[in-house]
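Undergrad: Below you will find the structure I want to go over with you.
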Amino acid sequence: MVLAAVLWCGDPMSAVPLKNDQPAHDGVRSVSVLGATGSIGDSTLDLIRAAPDKYRVEALTGNANIAGLAKLAKEFNARFVAVADPARLGELRAALAGTDIGCGAGESALIEAAARPADWVMAAISGAAGLKPALAAVDRGATVALANKECLVCAGDFFMSRAVAANARILPADSEHNALYQALASGNRHELLRVIITASGGPFRTWAAEDIEQATLAQALKHPNWSMGQKITIDSASMMNKGLEVIEASYLFALSPDEIDVLVHPQSIVHGLVEFADHSVVAQLGAPDMRIPIAHCLGWPDRIPGRAARLDLASIGQLTFEAPDFVRFPGLRLAYDALRTGNGATTVYNAANEVAVAAFIAGKIRFGAIARLVEDTMNGWVRAGNLAPLGSADDAIAVDHSARKMAATLLPQIAAKAS
Ligand code: NDP
């Protein structure tokens with residue numbers, strides 16, 4: 001992979017500013033929430049709701065949940081709302097009747113929502129659909145709390161370079177990356193040995209491979225610690241989510257795959273650790289509640305009052321750790337392969353996984369076939385000679401679309417094959 005264009009987060013020129021290089025934020029902060037109707041959107045708005053004198057909502061976006069979006073728009077008196085599906089504009093207008101809230105539908109409306117002048121933007125649309133709206137916020141130099149990991153997985157180098165060029169600030173909202181972000185501030189690039197991302201291990205952590213193969217949707221959706229959207233919950237069960245996070249960490253902090261380790265930690269209390277040259281290991285801990293990393297981003301560079309439960313280690317008693325199992329959870333191994341391959345391979349990994357998860361939800365493939373479809377698509381992509389550097393968002397989106405097509409073509413044979 002190419003890391004030359006991406007500056008380490010400790011570099012003064014990086015888009016991920018490690019030190020508090022800004023004055024404390026006084027007055028009202030204008031905010032937009034992309035993916036407002038989702039799980040991250042809900043946690044973000046919960047924090048905003050608790051401090052109405054500190055925030056003003058500029059724009060909110062959603063996809064299918066028009067009623068929920070309109071309700072939030074009225075509650076927070078948003079200036080503009082957007083939904084992804086152009087066919088649903090009439091429905092959205094009707095739901096907002098009697099207000100002066102502006103609205104739009106379709107990709108251009110999502111981009112408009114992100115481009116409107118908010119100081120701070122939460123990028124929490126799920127999937128590759130979040131890339132262009134997030135870039136619209138980046139391009140106007142906003143402070144972007146990045147929850148949507150697909151932006152980096154699909155277009156990592158390019159996304160970060162655009163942020164540097166536009167003087168945008170990227171604040172990692174994903175809990176593990178936010179933890180690393182906080183811990184990395186304890187040292188410098190040349191002192192770093194490695195970062196460690198923790199993983200709960202998901203509902204199948206102790207299951208035999210044959211049982212994981214046959215796991216049902218209901219079983220995959222039972223995350224032991226976190227309450228999240230459906231796609232990311234399934235990704236946690238397959239550990240594809242951890243794979244996406246390894247890739248995300250690599251691009252965010254300009255780290256090579258060898259500098260990123262994964263550690264299974266079933267209690268989800270330690271979210272990320274950084275080991276320095278003197279063998280000091282600095283970790284961030286907190287209850288498994290996304291309002292903690294989101295509050296860190298929302299208040300940045302200050303700390304704001306938390307809304308999640310405070311950590312009571314005495315009542316938790318024990319924290320345990322295990323090495324990840326790359327055999328029972330091949331999705332994690334494939335993420336490292338994709339990262340080392342570079343040239344669009346991480347985009348293919350993500351696209352094939354999105355197709356596979358949708359097929360699993362629709363009952364078309366077994367749980368164990370998710371990783372097989374991703375692996376076959378990645379292999380097919382390399383065999384077809386399709387690897388090439390991504391120079392633009394359109395390149396990344398073109399790879400995403402072609403990889404989805406390839407995955408969809410491979411799907412019937414994967415579905416037919418027993419493990
Ligand atoms: P959800 O599924 O709960 O919410 C997704 C949001 O995106 C909703 O507002 C949804 O609208 C909207 N959306 C879905 N599809 C589209 C589309 N095609 N175009 C525009 N908007 C769309 O997801 P999460 O909140 O769980 O996750 C959001 C992102 O944050 C993901 O990238 C995830 O990986 C990442 N993340 C999530 C964490 C979590 O704890 N949930 C933790 C760390 C990262 P609607 O509701 O109307 O369908």
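Identifiers in the structure tokens: chain A, B, ... in order shown; residue index from 1 per chain; ligand index from 1 in order shown.
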Select the residues contacting ligand 1 at a distance of at most 6 Å, based on only C-alpha atoms and all ligand atoms, then format the selection as a VMD selection string.

TA: chain A and resid 35 to 41 62 to 65 84 124 to 127 129 147 to 150 174 228 to 230 232 290

Undergrad: With N, CA and C atoms retained, could you export that selection as a PDB file, in the first residue's frame?

TA:
ATOM      1  N   GLY A  35     -26.746  10.644   8.427  1.00  0.00           N
ATOM      2  CA  GLY A  35     -27.119   9.351   9.014  1.00  0.00           C
ATOM      3  C   GLY A  35     -27.782   9.570  10.369  1.00  0.00           C
ATOM      4  N   ALA A  36     -28.604  10.633  10.442  1.00  0.00           N
ATOM      5  CA  ALA A  36     -29.195  11.049  11.731  1.00  0.00           C
ATOM      6  C   ALA A  36     -30.146  10.007  12.299  1.00  0.00           C
ATOM      7  N   THR A  37     -30.787   9.228  11.430  1.00  0.00           N
ATOM      8  CA  THR A  37     -31.794   8.272  11.906  1.00  0.00           C
ATOM      9  C   THR A  37     -31.184   6.938  12.345  1.00  0.00           C
ATOM     10  N   GLY A  38     -29.876   6.805  12.228  1.00  0.00           N
ATOM     11  CA  GLY A  38     -29.232   5.536  12.600  1.00  0.00           C
ATOM     12  C   GLY A  38     -28.777   5.526  14.041  1.00  0.00           C
ATOM     13  N   SER A  39     -28.076   4.453  14.370  1.00  0.00           N
ATOM     14  CA  SER A  39     -27.614   4.253  15.741  1.00  0.00           C
ATOM     15  C   SER A  39     -26.602   5.330  16.170  1.00  0.00           C
ATOM     16  N   ILE A  40     -25.631   5.640  15.307  1.00  0.00           N
ATOM     17  CA  ILE A  40     -24.648   6.691  15.628  1.00  0.00           C
ATOM     18  C   ILE A  40     -25.333   8.055  15.647  1.00  0.00           C
ATOM     19  N   GLY A  41     -26.240   8.255  14.682  1.00  0.00           N
ATOM     20  CA  GLY A  41     -26.989   9.515  14.655  1.00  0.00           C
ATOM     21  C   GLY A  41     -27.741   9.705  15.964  1.00  0.00           C
ATOM     22  N   GLY A  62     -31.187  11.106   6.211  1.00  0.00           N
ATOM     23  CA  GLY A  62     -31.642   9.736   6.466  1.00  0.00           C
ATOM     24  C   GLY A  62     -31.799   9.009   5.140  1.00  0.00           C
ATOM     25  N   ASN A  63     -32.405   7.859   5.202  1.00  0.00           N
ATOM     26  CA  ASN A  63     -32.576   7.075   3.971  1.00  0.00           C
ATOM     27  C   ASN A  63     -34.027   6.644   3.815  1.00  0.00           C
ATOM     28  N   ALA A  64     -34.436   5.628   4.601  1.00  0.00           N
ATOM     29  CA  ALA A  64     -35.793   5.089   4.448  1.00  0.00           C
ATOM     30  C   ALA A  64     -36.745   5.628   5.512  1.00  0.00           C
ATOM     31  N   ASN A  65     -36.212   6.027   6.633  1.00  0.00           N
ATOM     32  CA  ASN A  65     -37.056   6.406   7.772  1.00  0.00           C
ATOM     33  C   ASN A  65     -37.457   7.884   7.691  1.00  0.00           C
ATOM     34  N   ALA A  84     -31.994   9.825   0.918  1.00  0.00           N
ATOM     35  CA  ALA A  84     -31.228   9.285  -0.207  1.00  0.00           C
ATOM     36  C   ALA A  84     -32.097   9.011  -1.444  1.00  0.00           C
ATOM     37  N   ALA A 124     -22.031   9.605   9.438  1.00  0.00           N
ATOM     38  CA  ALA A 124     -22.498   8.296   9.944  1.00  0.00           C
ATOM     39  C   ALA A 124     -23.550   7.665   9.044  1.00  0.00           C
ATOM     40  N   ILE A 125     -23.442   7.927   7.736  1.00  0.00           N
ATOM     41  CA  ILE A 125     -24.260   7.166   6.785  1.00  0.00           C
ATOM     42  C   ILE A 125     -23.611   5.794   6.707  1.00  0.00           C
ATOM     43  N   SER A 126     -24.395   4.726   6.648  1.00  0.00           N
ATOM     44  CA  SER A 126     -23.745   3.414   6.596  1.00  0.00           C
ATOM     45  C   SER A 126     -23.361   3.050   5.163  1.00  0.00           C
ATOM     46  N   GLY A 127     -22.255   2.374   5.034  1.00  0.00           N
ATOM     47  CA  GLY A 127     -21.829   1.841   3.740  1.00  0.00           C
ATOM     48  C   GLY A 127     -21.128   2.848   2.846  1.00  0.00           C
ATOM     49  N   ALA A 129     -22.199   4.402   0.464  1.00  0.00           N
ATOM     50  CA  ALA A 129     -23.045   5.561   0.138  1.00  0.00           C
ATOM     51  C   ALA A 129     -22.623   6.797   0.925  1.00  0.00           C
ATOM     52  N   ALA A 147     -17.483   8.393  11.523  1.00  0.00           N
ATOM     53  CA  ALA A 147     -17.922   7.071  11.997  1.00  0.00           C
ATOM     54  C   ALA A 147     -17.913   6.097  10.827  1.00  0.00           C
ATOM     55  N   ASN A 148     -18.275   6.611   9.642  1.00  0.00           N
ATOM     56  CA  ASN A 148     -18.375   5.755   8.453  1.00  0.00           C
ATOM     57  C   ASN A 148     -16.989   5.263   8.043  1.00  0.00           C
ATOM     58  N   LYS A 149     -16.704   3.996   8.412  1.00  0.00           N
ATOM     59  CA  LYS A 149     -15.366   3.477   8.139  1.00  0.00           C
ATOM     60  C   LYS A 149     -15.163   3.192   6.663  1.00  0.00           C
ATOM     61  N   GLU A 150     -16.279   3.027   5.930  1.00  0.00           N
ATOM     62  CA  GLU A 150     -16.171   2.691   4.510  1.00  0.00           C
ATOM     63  C   GLU A 150     -15.490   3.808   3.716  1.00  0.00           C
ATOM     64  N   ASP A 174     -15.128   6.208  15.550  1.00  0.00           N
ATOM     65  CA  ASP A 174     -15.218   4.773  15.849  1.00  0.00           C
ATOM     66  C   ASP A 174     -14.507   4.551  17.195  1.00  0.00           C
ATOM     67  N   MET A 228     -25.921  -1.669  18.055  1.00  0.00           N
ATOM     68  CA  MET A 228     -25.494  -0.977  16.829  1.00  0.00           C
ATOM     69  C   MET A 228     -26.472  -1.293  15.701  1.00  0.00           C
ATOM     70  N   GLY A 229     -26.245  -0.673  14.543  1.00  0.00           N
ATOM     71  CA  GLY A 229     -27.053  -0.972  13.365  1.00  0.00           C
ATOM     72  C   GLY A 229     -26.842  -2.431  12.919  1.00  0.00           C
ATOM     73  N   GLN A 230     -27.766  -2.906  12.033  1.00  0.00           N
ATOM     74  CA  GLN A 230     -27.769  -4.330  11.635  1.00  0.00           C
ATOM     75  C   GLN A 230     -26.489  -4.757  10.902  1.00  0.00           C
ATOM     76  N   ILE A 232     -23.377  -3.490  10.812  1.00  0.00           N
ATOM     77  CA  ILE A 232     -22.150  -3.528  11.624  1.00  0.00           C
ATOM     78  C   ILE A 232     -22.237  -4.640  12.677  1.00  0.00           C
ATOM     79  N   MET A 290     -21.253   4.260  22.521  1.00  0.00           N
ATOM     80  CA  MET A 290     -20.684   5.141  21.496  1.00  0.00           C
ATOM     81  C   MET A 290     -20.760   6.616  21.867  1.00  0.00           C
TER      82      MET A 290
END

Undergrad: Extract, using only C-alpha atoms, all DNA, RNA and protein residues at most 6 Å from Val33 of chain A, discarding same-chain residues fewer than 3 positions from it, and format them as a list in words.

TA: Ala36, Leu60, Val121 and Met122 of chain A

Undergrad: Can you check which parts of segment 266-297 of chain A lie within 9 Å of segment 183-199 of chain A? Per residue, the shortest pair of atoms and distance in Å to one decimal, counting only C-alpha atoms, sorted by chain and number, as CSV.

TA:
residue,atom,partner,partner_atom,distance
A:Pro266,CA,A:Ala199,CA,7.1
A:Ser268,CA,A:Ala199,CA,7.1
A:Val270,CA,A:Thr198,CA,7.0
A:His271,CA,A:Thr198,CA,5.5
A:Gly272,CA,A:Ile197,CA,4.8
A:Leu273,CA,A:Ile196,CA,5.0
A:Val274,CA,A:Val195,CA,4.4
A:Glu275,CA,A:Arg194,CA,5.4
A:Phe276,CA,A:Leu192,CA,4.5
A:Ala277,CA,A:Glu191,CA,5.0
A:Asp278,CA,A:Glu191,CA,8.0
A:His279,CA,A:Leu193,CA,8.2
A:Val281,CA,A:Ala183,CA,8.8
A:Val282,CA,A:Ala183,CA,5.6
A:Ala283,CA,A:Ala183,CA,5.9
A:Gln284,CA,A:Ala183,CA,6.5

Undergrad: Could you find all residues in segment 81-302 of chain A that DSSP calls alpha helix (DSSP H) from the backbone, and write them as a PyMOL selection string?

TA: chain A and resi 89-95+107-115+131-139+150-166+175-184+209-213+217-220+230-238+240-253+291-299

Undergrad: Could the residues in this selection be written to a file with C-alpha atoms, as a JSON list (two decimals), in the first residue's frame?

TA:
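Final file, result27.json:
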[["chain", "number", "residue", "atom", "x", "y", "z"],
["A", 89, "LEU", "CA", -39.15, 13.73, -1.76],
["A", 90, "GLY", "CA", -42.95, 14.19, -1.78],
["A", 91, "GLU", "CA", -43.29, 12.09, 1.35],
["A", 92, "LEU", "CA", -40.57, 14.10, 3.10],
["A", 93, "ARG", "CA", -42.17, 17.41, 2.07],
["A", 94, "ALA", "CA", -45.52, 16.23, 3.42],
["A", 95, "ALA", "CA", -43.94, 15.17, 6.72],
["A", 107, "GLU", "CA", -27.40, 11.91, -3.74],
["A", 108, "SER", "CA", -27.12, 15.60, -4.61],
["A", 109, "ALA", "CA", -29.30, 16.49, -1.60],
["A", 110, "LEU", "CA", -27.10, 14.39, 0.71],
["A", 111, "ILE", "CA", -24.09, 16.23, -0.67],
["A", 112, "GLU", "CA", -25.85, 19.57, -0.20],
["A", 113, "ALA", "CA", -26.58, 18.66, 3.43],
["A", 114, "ALA", "CA", -22.88, 17.94, 4.00],
["A", 115, "ALA", "CA", -21.74, 21.03, 2.13],
["A", 131, "LEU", "CA", -18.31, 8.50, 0.80],
["A", 132, "LYS", "CA", -19.42, 11.40, -1.42],
["A", 133, "PRO", "CA", -21.35, 13.24, 1.33],
["A", 134, "ALA", "CA", -18.37, 12.90, 3.70],
["A", 135, "LEU", "CA", -16.07, 14.24, 0.98],
["A", 136, "ALA", "CA", -18.40, 17.23, 0.52],
["A", 137, "ALA", "CA", -17.89, 18.10, 4.20],
["A", 138, "VAL", "CA", -14.12, 17.49, 3.93],
["A", 139, "ASP", "CA", -13.81, 19.66, 0.83],
["A", 150, "GLU", "CA", -16.17, 2.69, 4.51],
["A", 151, "CYS", "CA", -14.90, 6.18, 3.50],
["A", 152, "LEU", "CA", -11.41, 5.07, 4.47],
["A", 153, "VAL", "CA", -11.73, 1.44, 3.47],
["A", 154, "CYS", "CA", -12.96, 2.40, -0.02],
["A", 155, "ALA", "CA", -10.82, 5.47, -0.66],
["A", 156, "GLY", "CA", -8.31, 5.75, 2.18],
["A", 157, "ASP", "CA", -5.21, 7.52, 0.78],
["A", 158, "PHE", "CA", -7.32, 9.68, -1.42],
["A", 159, "PHE", "CA", -9.80, 10.63, 1.34],
["A", 160, "MET", "CA", -7.04, 11.65, 3.74],
["A", 161, "SER", "CA", -5.11, 13.60, 1.09],
["A", 162, "ARG", "CA", -8.28, 15.54, 0.21],
["A", 163, "ALA", "CA", -8.74, 16.36, 3.89],
["A", 164, "VAL", "CA", -5.19, 17.70, 4.11],
["A", 165, "ALA", "CA", -5.64, 19.74, 0.94],
["A", 166, "ALA", "CA", -8.87, 21.31, 2.23],
["A", 175, "SER", "CA", -14.58, 3.70, 19.46],
["A", 176, "GLU", "CA", -11.32, 1.82, 18.80],
["A", 177, "HIS", "CA", -9.86, 4.57, 16.62],
["A", 178, "ASN", "CA", -10.96, 7.22, 19.02],
["A", 179, "ALA", "CA", -9.17, 5.26, 21.74],
["A", 180, "LEU", "CA", -5.99, 5.07, 19.63],
["A", 181, "TYR", "CA", -6.35, 8.75, 18.83],
["A", 182, "GLN", "CA", -6.39, 9.61, 22.53],
["A", 183, "ALA", "CA", -3.51, 7.23, 23.33],
["A", 184, "LEU", "CA", -1.30, 8.29, 20.40],
["A", 209, "ALA", "CA", -16.14, -23.38, 13.03],
["A", 210, "GLU", "CA", -18.97, -25.75, 11.97],
["A", 211, "ASP", "CA", -21.45, -23.90, 14.19],
["A", 212, "ILE", "CA", -20.32, -20.50, 12.92],
["A", 213, "GLU", "CA", -20.86, -21.79, 9.39],
["A", 217, "LEU", "CA", -29.42, -14.12, 11.38],
["A", 218, "ALA", "CA", -30.97, -13.88, 14.85],
["A", 219, "GLN", "CA", -27.81, -15.39, 16.37],
["A", 220, "ALA", "CA", -25.55, -13.02, 14.39],
["A", 230, "GLN", "CA", -27.77, -4.33, 11.63],
["A", 231, "LYS", "CA", -24.90, -4.33, 9.11],
["A", 232, "ILE", "CA", -22.15, -3.53, 11.62],
["A", 233, "THR", "CA", -23.58, -6.05, 14.10],
["A", 234, "ILE", "CA", -23.29, -8.83, 11.50],
["A", 235, "ASP", "CA", -19.80, -7.58, 10.62],
["A", 236, "SER", "CA", -18.90, -7.86, 14.30],
["A", 237, "ALA", "CA", -20.07, -11.47, 14.36],
["A", 238, "SER", "CA", -17.90, -12.34, 11.33],
["A", 240, "MET", "CA", -15.18, -8.39, 9.17],
["A", 241, "ASN", "CA", -15.85, -5.27, 11.22],
["A", 242, "LYS", "CA", -12.47, -5.68, 12.91],
["A", 243, "GLY", "CA", -10.94, -6.17, 9.47],
["A", 244, "LEU", "CA", -12.53, -2.92, 8.30],
["A", 245, "GLU", "CA", -11.17, -1.25, 11.42],
["A", 246, "VAL", "CA", -7.62, -2.49, 10.78],
["A", 247, "ILE", "CA", -7.82, -0.91, 7.33],
["A", 248, "GLU", "CA", -9.40, 2.24, 8.80],
["A", 249, "ALA", "CA", -6.58, 2.57, 11.35],
["A", 250, "SER", "CA", -3.96, 2.16, 8.66],
["A", 251, "TYR", "CA", -5.30, 5.07, 6.61],
["A", 252, "LEU", "CA", -6.30, 7.31, 9.50],
["A", 253, "PHE", "CA", -2.99, 7.18, 11.30],
["A", 291, "ARG", "CA", -21.64, 8.37, 23.26],
["A", 292, "ILE", "CA", -18.14, 8.35, 24.82],
["A", 293, "PRO", "CA", -16.07, 8.57, 21.60],
["A", 294, "ILE", "CA", -18.73, 10.76, 19.99],
["A", 295, "ALA", "CA", -18.61, 13.17, 22.95],
["A", 296, "HIS", "CA", -14.82, 13.30, 22.55],
["A", 297, "CYS", "CA", -15.29, 14.35, 18.92],
["A", 298, "LEU", "CA", -18.22, 16.70, 19.58],
["A", 299, "GLY", "CA", -16.42, 18.61, 22.30]]

Undergrad: What gap, in Å, lies between atom CA of Ile370 of chain A and atom CA of Arg404 of chain A?

TA: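 Distance between the two atoms: 13.4 Å.
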
Undergrad: Measuring between only C-alpha atoms, which one of A:Ile269, A:Leu334, A:Ala345, A:Ala359 shows the shortest distance to Gln318 of chain A?

TA: A:Ile269

Undergrad: Just checking: using only C-alpha atoms, which residue out of A:Gly104, A:Asn225, A:Lys417, A:Ala371 ends up closest to Arg333 of chain A?

TA: A:Ala371

Undergrad: Write out as JSON, numbers by chain the residues lying within 12 Å of Val57 of chain A, counting only C-alpha atoms and excluding same-chain residues fewer than 6 positions away.

TA: {"A": [28, 29, 30, 31, 32, 33, 34, 36, 44, 45, 48, 49, 51, 72, 73, 74, 75, 76, 77, 78, 79, 80, 81, 101, 113, 116, 117, 118, 119, 120, 121, 122]}

Undergrad: Considering only C-alpha atoms, state which residue in the set A:Gly68, A:Pro172, A:Gly368, A:Gly331 is at the smallest distance from Ile414 of chain A.

TA: A:Gly368

Undergrad: Separation of atom CA of Leu410 of chain A and atom CA of Leu339 of chain A, in Å?

TA: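 Calculated distance between atom CA of Leu410 of chain A and atom CA of Leu339 of chain A is 22.3 Å.
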
Undergrad: Enter the distance from atom CA of Gly385 of chain A to atom CA of Val355 of chain A, in Å, rounded to one decimal.

TA: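 So the answer is 21.3 Å.
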